[in-house]
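A.B. asks: Have a look at this one.
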Amino acid sequence: MKKPVRRKRKAARVLSRRLVYKGPIFWVTSERVIEPSGVRVLREIVRHNGSIVILATTDDPREPLVLLERQYRHAAKDFLWELPAGRIDEGERPLPAAKRELLEETGYSAAKWKQVLKFYASPGFLAEPMTLFWATGLKRGVAQPEDDEVIEQRLVPLSKAVRMVLRGTIRDAKTIAGVLWLAHRQKPSKVRN
């Protein structure tokens, strides 16, 4: 059986780039590009250093409990259930950022960390890579939230978290990805490769 030939990916050609906005968390560029397909287009992109997401779970062999947070998100005009998450500071690596955010937001630390996913939430206009870590061996401590963070937290059985996703109670994409990843890992589907 022959191995498939991998073709080198053709990159887009940036014709011009203009900084539209620069803030403390993200910046926006307007770029005229020729995409790999040959299409010439104007793209406005929200740029970000990247974020980390923490899927913190207990080690219960019957069913892990998932650490969820509930906080007000003005862009959604609602309170959302989410996994702990935060931005990666300039020059910071993802794992130290994840450990920092988990402690700050929840007071928990974890004995074991594993990177399980890396994704973009909305790559049509948002250049924010998100790295999801699975944190186990939890130890409770004292939360140290930032002044603008008012966070309720709850340990939820994985089966309940999955129901929250399927019923639309959890509407945050990074949380949906993490919860469904863990549910699949706990009970892999019987799909043949």
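All residue names refer to the structure tokens as shown: chains lettered A, B, ... in order, residues numbered from 1 in each chain, ligands numbered from 1 in order.
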Please list as a ChimeraX atom specification every residue within 12 Å of Arg73 in chain A, counting only C-alpha atoms and excluding residues in the same chain fewer than 5 positions away.
C.D. replies: /A:78-82,148-151,171-172
A.B. asks: Could you please take those selected residues and save C-alpha atoms as a PDB file, in the first residue's frame?
C.D. replies:
ATOM      1  CA  ASP A  78     -25.287  36.327  30.394  1.00  0.00           C
ATOM      2  CA  PHE A  79     -23.701  34.173  33.069  1.00  0.00           C
ATOM      3  CA  LEU A  80     -21.873  31.216  31.493  1.00  0.00           C
ATOM      4  CA  TRP A  81     -20.599  27.901  32.828  1.00  0.00           C
ATOM      5  CA  GLU A  82     -16.985  27.457  31.735  1.00  0.00           C
ATOM      6  CA  ASP A 148     -12.932  42.164  37.989  1.00  0.00           C
ATOM      7  CA  GLU A 149     -13.398  38.389  38.397  1.00  0.00           C
ATOM      8  CA  VAL A 150     -16.490  37.316  40.338  1.00  0.00           C
ATOM      9  CA  ILE A 151     -16.481  33.550  39.949  1.00  0.00           C
ATOM     10  CA  ARG A 171     -22.616  27.308  25.690  1.00  0.00           C
ATOM     11  CA  ASP A 172     -18.913  28.118  25.845  1.00  0.00           C
TER      12      ASP A 172
END
A.B. asks: Which residues are near Gly178 in chain A? Cut-off 8 Å, only C-alpha atoms, ignore same chain within fewer than 5 positions. Put them as a list in words.
C.D. replies: Leu55, Leu83 and Leu132 of chain A
A.B. asks: Using the chain letters and numbers from this document, which residues of chain A does DSSP assign to strand (DSSP E), as a VMD selection string?
C.D. replies: chain A and resid 13 to 22 26 to 34 40 to 48 51 to 56 65 to 73 78 to 82 85 to 87 109 to 120 126 to 127 129 to 139 152 to 157
A.B. asks: Of the candidates A:Pro96, A:Ala110, A:Phe133, A:Pro64, which one gets nearest to Gln186 in chain A if we count only C-alpha atoms?
C.D. replies: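 Comparing A:Pro96, A:Ala110, A:Phe133, A:Pro64 against Gln186 in chain A, the winner is A:Pro64.
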A.B. asks: Distance table requested - range 59-104 of chain A against range 19-40 of chain A, cut-off 12 Å, only C-alpha atoms: one row per qualifying residue with the closest atom pair and its distance in Å to one decimal, ordered by chain and rising residue number, as a Markdown table.
C.D. replies:
| residue | atom | partner | partner_atom | distance |
| --- | --- | --- | --- | --- |
| A:Gly86 | CA | A:Ile25 | CA | 10.8 |
| A:Arg87 | CA | A:Ile25 | CA | 8.2 |
| A:Ile88 | CA | A:Ile25 | CA | 9.8 |
| A:Asp89 | CA | A:Ile25 | CA | 9.0 |
| A:Glu90 | CA | A:Ile25 | CA | 10.0 |
A.B. asks: Using only C-alpha atoms for the distances, tell me which of A:Ser16, A:Thr136, A:Thr57, A:Asn49 is nearest to Leu158 in chain A.
C.D. replies: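 Result for the nearest residue to Leu158 in chain A: A:Thr57.
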A.B. asks: Report as a PDB file with N, CA and C atoms, in the first residue's frame: the residues of range 26-113 of chain A with a DSSP assignment of helix (DSSP H, G or I), based on the backbone of this structure.
C.D. replies:
ATOM      1  N   PRO A  94       2.607  28.062  27.805  1.00  0.00           N
ATOM      2  CA  PRO A  94       1.240  27.639  28.131  1.00  0.00           C
ATOM      3  C   PRO A  94       1.071  26.918  29.474  1.00  0.00           C
ATOM      4  N   LEU A  95       1.934  25.957  29.811  1.00  0.00           N
ATOM      5  CA  LEU A  95       1.732  25.207  31.051  1.00  0.00           C
ATOM      6  C   LEU A  95       1.855  26.088  32.295  1.00  0.00           C
ATOM      7  N   PRO A  96       2.891  26.917  32.428  1.00  0.00           N
ATOM      8  CA  PRO A  96       2.925  27.812  33.594  1.00  0.00           C
ATOM      9  C   PRO A  96       1.711  28.753  33.642  1.00  0.00           C
ATOM     10  N   ALA A  97       1.220  29.172  32.483  1.00  0.00           N
ATOM     11  CA  ALA A  97       0.026  30.027  32.444  1.00  0.00           C
ATOM     12  C   ALA A  97      -1.179  29.256  32.968  1.00  0.00           C
ATOM     13  N   ALA A  98      -1.312  27.986  32.596  1.00  0.00           N
ATOM     14  CA  ALA A  98      -2.433  27.165  33.052  1.00  0.00           C
ATOM     15  C   ALA A  98      -2.373  26.975  34.567  1.00  0.00           C
ATOM     16  N   LYS A  99      -1.202  26.682  35.088  1.00  0.00           N
ATOM     17  CA  LYS A  99      -1.054  26.506  36.534  1.00  0.00           C
ATOM     18  C   LYS A  99      -1.397  27.800  37.271  1.00  0.00           C
ATOM     19  N   ARG A 100      -0.945  28.919  36.752  1.00  0.00           N
ATOM     20  CA  ARG A 100      -1.222  30.230  37.362  1.00  0.00           C
ATOM     21  C   ARG A 100      -2.714  30.518  37.363  1.00  0.00           C
ATOM     22  N   GLU A 101      -3.360  30.325  36.219  1.00  0.00           N
ATOM     23  CA  GLU A 101      -4.793  30.629  36.104  1.00  0.00           C
ATOM     24  C   GLU A 101      -5.648  29.732  36.997  1.00  0.00           C
ATOM     25  N   LEU A 102      -5.327  28.434  37.061  1.00  0.00           N
ATOM     26  CA  LEU A 102      -6.107  27.534  37.905  1.00  0.00           C
ATOM     27  C   LEU A 102      -6.044  27.988  39.360  1.00  0.00           C
ATOM     28  N   LEU A 103      -4.860  28.317  39.835  1.00  0.00           N
ATOM     29  CA  LEU A 103      -4.700  28.766  41.213  1.00  0.00           C
ATOM     30  C   LEU A 103      -5.411  30.098  41.444  1.00  0.00           C
ATOM     31  N   GLU A 104      -5.194  31.061  40.541  1.00  0.00           N
ATOM     32  CA  GLU A 104      -5.801  32.386  40.706  1.00  0.00           C
ATOM     33  C   GLU A 104      -7.319  32.306  40.747  1.00  0.00           C
ATOM     34  N   GLU A 105      -7.915  31.630  39.762  1.00  0.00           N
ATOM     35  CA  GLU A 105      -9.368  31.634  39.619  1.00  0.00           C
ATOM     36  C   GLU A 105     -10.082  30.716  40.601  1.00  0.00           C
ATOM     37  N   THR A 106      -9.459  29.583  40.965  1.00  0.00           N
ATOM     38  CA  THR A 106     -10.185  28.576  41.745  1.00  0.00           C
ATOM     39  C   THR A 106      -9.549  28.245  43.080  1.00  0.00           C
TER      40      THR A 106
END
A.B. asks: One number please: CA of Phe119 in chain A to CA of Lys174 in chain A, in Å, one decimal.
C.D. replies: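 These atoms are spaced 8.8 Å apart.
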A.B. asks: A:Met164, A:Ala135, A:Leu15, A:Val41: which is nearest Gln115 in chain A, counting only C-alpha atoms?
C.D. replies: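 For Gln115 in chain A, the nearest of the given residues is A:Ala135.
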A.B. asks: Counting only C-alpha atoms, which of A:Arg62, A:Arg140, A:Lys112, A:Arg47 gets nearest to Leu155 in chain A?
C.D. replies: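 Result for the nearest residue to Leu155 in chain A: A:Arg140.
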